[in-house]
Amino acid sequence: MALTREEREQFLAEPHIAALAVDAGAGRAPLTVPIWYQYEPGSDIWIMTGRDSRKNELIGAAGRFSLMVDRVEPTIRYVSVEGPVVDTAPATLEQLREISARYLPADKVDGYVDFAWKNHGAQLVLRMRPERWVSSDLGQV
């Protein structure tokens with residue numbers, strides 16, 4: 001059963017680990033990697049990635065990417081969203097803290113943020129405007 005707009009947006013707003021996919025060029029399958037993301041219903045989605053990463057290079061060339069999130073309990077449900085990159089900017093410490101707090105226990109955020117800010121190199125925030133959605137709740141199979 002397809003999800004309503006409200007259901008799919010609310011599901012995407014939950015802190016799932018997404019599978020990011022982007023065109024990897026002629027003769028290659030899409031690059032598909034797990035990634036943290038941030039989303040609020042009705043807004044753009046944003047991710048953070050290394051400025052010099054292959055992921056950033058491929059997204060820059062393609063101008064768009066897709067994310068897919070799923071769960072298996074209490075029902076099998078997924079949302080896939082695709083759209084163009086609408087903004088790219090250097091990541092801020094506040095954004096790193098925000099996305100880290102979405103996924104990590106509160107007592108682990110400060111240590112992770114300190115480590116990541118010092119060791120992960122220059123990071124960018126890429127914003128994607130959702131254009132195409134595919135979603136379903138398969139119930140309890």
# chains A, B, ... in the order shown; residues from 1 in each chain; ligands from 1
call {"tool": "residues_around", "arguments": {"residues": "range 71-85 of chain A", "least_positions_apart": "3", "cutoff": "9 Å", "atoms": "only C-alpha atoms", "output": "number ranges by chain"}}
result
A: 3, 8-9, 11-12, 16, 59-60, 62-68, 88, 126-141
call {"tool": "select_by_dssp", "arguments": {"residues": "chain A", "states": "strand (DSSP E)", "output": "count of residues only"}}
result
53
call {"tool": "atom_distance", "arguments": {"atom1": "CA of Asn56 in chain A", "atom2": "CA of Val86 in chain A"}}
result
13.8 Å
call {"tool": "select_by_dssp", "arguments": {"residues": "range 3-133 of chain A", "states": "alpha helix (DSSP H)", "output": "tab-separated table (two decimals) with N, CA, C and O atoms, in the first residue's frame"}}
result
chain	number	residue	atom	x	y	z
A	5	ARG	N	1.18	11.41	1.35
A	5	ARG	CA	2.25	12.40	1.42
A	5	ARG	C	2.68	12.63	2.87
A	5	ARG	O	3.87	12.67	3.18
A	6	GLU	N	1.72	12.79	3.76
A	6	GLU	CA	2.03	13.04	5.16
A	6	GLU	C	2.78	11.85	5.78
A	6	GLU	O	3.74	12.04	6.53
A	7	GLU	N	2.35	10.63	5.47
A	7	GLU	CA	3.02	9.44	6.01
A	7	GLU	C	4.46	9.32	5.51
A	7	GLU	O	5.36	9.03	6.28
A	8	ARG	N	4.66	9.54	4.22
A	8	ARG	CA	6.03	9.39	3.69
A	8	ARG	C	6.94	10.49	4.21
A	8	ARG	O	8.11	10.25	4.50
A	9	GLU	N	6.43	11.72	4.33
A	9	GLU	CA	7.26	12.80	4.86
A	9	GLU	C	7.60	12.57	6.32
A	9	GLU	O	8.73	12.80	6.75
A	10	GLN	N	6.63	12.10	7.10
A	10	GLN	CA	6.90	11.82	8.52
A	10	GLN	C	7.90	10.67	8.65
A	10	GLN	O	8.80	10.73	9.47
A	11	PHE	N	7.75	9.64	7.84
A	11	PHE	CA	8.68	8.51	7.88
A	11	PHE	C	10.09	8.96	7.53
A	11	PHE	O	11.05	8.60	8.19
A	12	LEU	N	10.22	9.79	6.50
A	12	LEU	CA	11.53	10.29	6.10
A	12	LEU	C	12.14	11.18	7.18
A	12	LEU	O	13.35	11.24	7.33
A	13	ALA	N	11.30	11.86	7.96
A	13	ALA	CA	11.79	12.74	9.03
A	13	ALA	C	12.35	11.95	10.21
A	13	ALA	O	13.09	12.51	11.02
A	54	ARG	N	34.56	11.05	-3.29
A	54	ARG	CA	34.02	10.59	-4.57
A	54	ARG	C	32.52	10.88	-4.64
A	54	ARG	O	31.99	11.26	-5.68
A	55	LYS	N	31.85	10.70	-3.51
A	55	LYS	CA	30.41	10.97	-3.44
A	55	LYS	C	30.13	12.41	-3.86
A	55	LYS	O	29.25	12.66	-4.70
A	56	ASN	N	30.85	13.37	-3.31
A	56	ASN	CA	30.65	14.77	-3.67
A	56	ASN	C	30.96	15.01	-5.14
A	56	ASN	O	30.24	15.74	-5.82
A	57	GLU	N	32.04	14.43	-5.63
A	57	GLU	CA	32.40	14.58	-7.04
A	57	GLU	C	31.29	14.07	-7.96
A	57	GLU	O	30.90	14.74	-8.91
A	58	LEU	N	30.76	12.88	-7.65
A	58	LEU	CA	29.70	12.31	-8.49
A	58	LEU	C	28.40	13.09	-8.39
A	58	LEU	O	27.72	13.30	-9.40
A	59	ILE	N	28.04	13.53	-7.19
A	59	ILE	CA	26.82	14.34	-7.03
A	59	ILE	C	26.97	15.65	-7.79
A	59	ILE	O	26.03	16.10	-8.46
A	60	GLY	N	28.15	16.25	-7.73
A	60	GLY	CA	28.38	17.49	-8.48
A	60	GLY	C	28.21	17.28	-9.97
A	60	GLY	O	27.62	18.12	-10.66
A	61	ALA	N	28.71	16.17	-10.48
A	61	ALA	CA	28.59	15.89	-11.92
A	61	ALA	C	27.15	15.58	-12.32
A	61	ALA	O	26.68	16.01	-13.36
A	62	ALA	N	26.45	14.81	-11.48
A	62	ALA	CA	25.08	14.41	-11.80
A	62	ALA	C	24.07	15.53	-11.53
A	62	ALA	O	23.04	15.61	-12.19
A	93	LEU	N	29.97	23.76	12.25
A	93	LEU	CA	30.02	22.94	13.45
A	93	LEU	C	28.61	22.68	13.98
A	93	LEU	O	28.31	21.58	14.45
A	94	GLU	N	27.74	23.67	13.88
A	94	GLU	CA	26.36	23.51	14.35
A	94	GLU	C	25.62	22.45	13.54
A	94	GLU	O	24.84	21.67	14.08
A	95	GLN	N	25.85	22.40	12.22
A	95	GLN	CA	25.21	21.37	11.39
A	95	GLN	C	25.74	19.98	11.73
A	95	GLN	O	24.98	19.02	11.78
A	96	LEU	N	27.04	19.88	11.97
A	96	LEU	CA	27.62	18.60	12.37
A	96	LEU	C	27.00	18.14	13.69
A	96	LEU	O	26.64	16.98	13.85
A	97	ARG	N	26.83	19.05	14.62
A	97	ARG	CA	26.21	18.71	15.90
A	97	ARG	C	24.75	18.29	15.70
A	97	ARG	O	24.29	17.30	16.28
A	98	GLU	N	24.02	19.00	14.86
A	98	GLU	CA	22.60	18.68	14.62
A	98	GLU	C	22.44	17.28	14.03
A	98	GLU	O	21.62	16.49	14.51
A	99	ILE	N	23.21	16.97	13.00
A	99	ILE	CA	23.04	15.67	12.36
A	99	ILE	C	23.57	14.55	13.26
A	99	ILE	O	23.01	13.45	13.29
A	100	SER	N	24.61	14.81	14.03
A	100	SER	CA	25.14	13.81	14.95
A	100	SER	C	24.13	13.51	16.05
A	100	SER	O	23.94	12.35	16.43
A	101	ALA	N	23.47	14.54	16.57
A	101	ALA	CA	22.47	14.36	17.63
A	101	ALA	C	21.27	13.57	17.14
A	101	ALA	O	20.58	12.93	17.92
A	102	ARG	N	21.02	13.60	15.85
A	102	ARG	CA	19.90	12.85	15.27
A	102	ARG	C	20.16	11.35	15.36
A	102	ARG	O	19.23	10.56	15.47
A	103	TYR	N	21.42	10.94	15.30
A	103	TYR	CA	21.76	9.52	15.21
A	103	TYR	C	22.47	8.93	16.42
A	103	TYR	O	22.45	7.71	16.60
A	106	ALA	N	22.84	10.94	23.27
A	106	ALA	CA	23.21	12.29	23.72
A	106	ALA	C	24.60	12.33	24.35
A	106	ALA	O	25.36	13.28	24.12
A	107	ASP	N	24.97	11.31	25.09
A	107	ASP	CA	26.26	11.33	25.76
A	107	ASP	C	27.44	11.06	24.83
A	107	ASP	O	28.59	11.18	25.23
A	108	LYS	N	27.17	10.73	23.56
A	108	LYS	CA	28.24	10.45	22.60
A	108	LYS	C	28.44	11.59	21.59
A	108	LYS	O	29.42	11.62	20.86
A	109	VAL	N	27.50	12.54	21.56
A	109	VAL	CA	27.53	13.58	20.53
A	109	VAL	C	28.77	14.47	20.63
A	109	VAL	O	29.48	14.66	19.64
A	110	ASP	N	29.06	15.01	21.79
A	110	ASP	CA	30.19	15.95	21.92
A	110	ASP	C	31.50	15.31	21.52
A	110	ASP	O	32.29	15.91	20.78
A	111	GLY	N	31.76	14.10	21.98
A	111	GLY	CA	33.00	13.41	21.63
A	111	GLY	C	33.11	13.14	20.15
A	111	GLY	O	34.17	13.34	19.55
A	112	TYR	N	32.00	12.70	19.54
A	112	TYR	CA	32.02	12.43	18.11
A	112	TYR	C	32.23	13.71	17.32
A	112	TYR	O	33.04	13.75	16.39
A	113	VAL	N	31.50	14.76	17.67
A	113	VAL	CA	31.61	16.04	16.94
A	113	VAL	C	33.04	16.57	17.03
A	113	VAL	O	33.61	17.01	16.02
A	114	ASP	N	33.64	16.53	18.21
A	114	ASP	CA	35.01	16.99	18.37
A	114	ASP	C	35.95	16.19	17.48
A	114	ASP	O	36.78	16.76	16.75
A	115	PHE	N	35.83	14.87	17.50
A	115	PHE	CA	36.68	14.01	16.68
A	115	PHE	C	36.46	14.28	15.19
A	115	PHE	O	37.41	14.48	14.43
A	116	ALA	N	35.20	14.30	14.76
A	116	ALA	CA	34.89	14.46	13.34
A	116	ALA	C	35.35	15.81	12.81
A	116	ALA	O	35.90	15.91	11.71
A	117	TRP	N	35.12	16.88	13.59
A	117	TRP	CA	35.50	18.22	13.15
A	117	TRP	C	37.01	18.32	12.94
A	117	TRP	O	37.47	18.97	12.01
A	118	LYS	N	37.77	17.65	13.80
A	118	LYS	CA	39.23	17.71	13.73
A	118	LYS	C	39.82	16.73	12.71
A	118	LYS	O	40.91	16.98	12.19
A	119	ASN	N	39.14	15.61	12.42
A	119	ASN	CA	39.76	14.53	11.65
A	119	ASN	C	39.13	14.18	10.31
A	119	ASN	O	39.77	13.48	9.53
call {"tool": "decode", "arguments": {"residues": "range 103-114 of chain A", "atoms": "N, CA, C and O atoms", "output": "CSV table (one decimal), in the first residue's frame"}}
result
chain,number,residue,atom,x,y,z
A,103,TYR,N,21.4,10.9,15.3
A,103,TYR,CA,21.8,9.5,15.2
A,103,TYR,C,22.5,8.9,16.4
A,103,TYR,O,22.4,7.7,16.6
A,104,LEU,N,23.1,9.7,17.2
A,104,LEU,CA,23.9,9.2,18.3
A,104,LEU,C,23.2,9.4,19.7
A,104,LEU,O,22.5,10.4,19.8
A,105,PRO,N,23.5,8.6,20.7
A,105,PRO,CA,23.0,8.9,22.0
A,105,PRO,C,23.6,10.2,22.5
A,105,PRO,O,24.7,10.6,22.1
A,106,ALA,N,22.8,10.9,23.3
A,106,ALA,CA,23.2,12.3,23.7
A,106,ALA,C,24.6,12.3,24.3
A,106,ALA,O,25.4,13.3,24.1
A,107,ASP,N,25.0,11.3,25.1
A,107,ASP,CA,26.3,11.3,25.8
A,107,ASP,C,27.4,11.1,24.8
A,107,ASP,O,28.6,11.2,25.2
A,108,LYS,N,27.2,10.7,23.6
A,108,LYS,CA,28.2,10.4,22.6
A,108,LYS,C,28.4,11.6,21.6
A,108,LYS,O,29.4,11.6,20.9
A,109,VAL,N,27.5,12.5,21.6
A,109,VAL,CA,27.5,13.6,20.5
A,109,VAL,C,28.8,14.5,20.6
A,109,VAL,O,29.5,14.7,19.6
A,110,ASP,N,29.1,15.0,21.8
A,110,ASP,CA,30.2,15.9,21.9
A,110,ASP,C,31.5,15.3,21.5
A,110,ASP,O,32.3,15.9,20.8
A,111,GLY,N,31.8,14.1,22.0
A,111,GLY,CA,33.0,13.4,21.6
A,111,GLY,C,33.1,13.1,20.1
A,111,GLY,O,34.2,13.3,19.5
A,112,TYR,N,32.0,12.7,19.5
A,112,TYR,CA,32.0,12.4,18.1
A,112,TYR,C,32.2,13.7,17.3
A,112,TYR,O,33.0,13.8,16.4
A,113,VAL,N,31.5,14.8,17.7
A,113,VAL,CA,31.6,16.0,16.9
A,113,VAL,C,33.0,16.6,17.0
A,113,VAL,O,33.6,17.0,16.0
A,114,ASP,N,33.6,16.5,18.2
A,114,ASP,CA,35.0,17.0,18.4
A,114,ASP,C,36.0,16.2,17.5
A,114,ASP,O,36.8,16.8,16.8
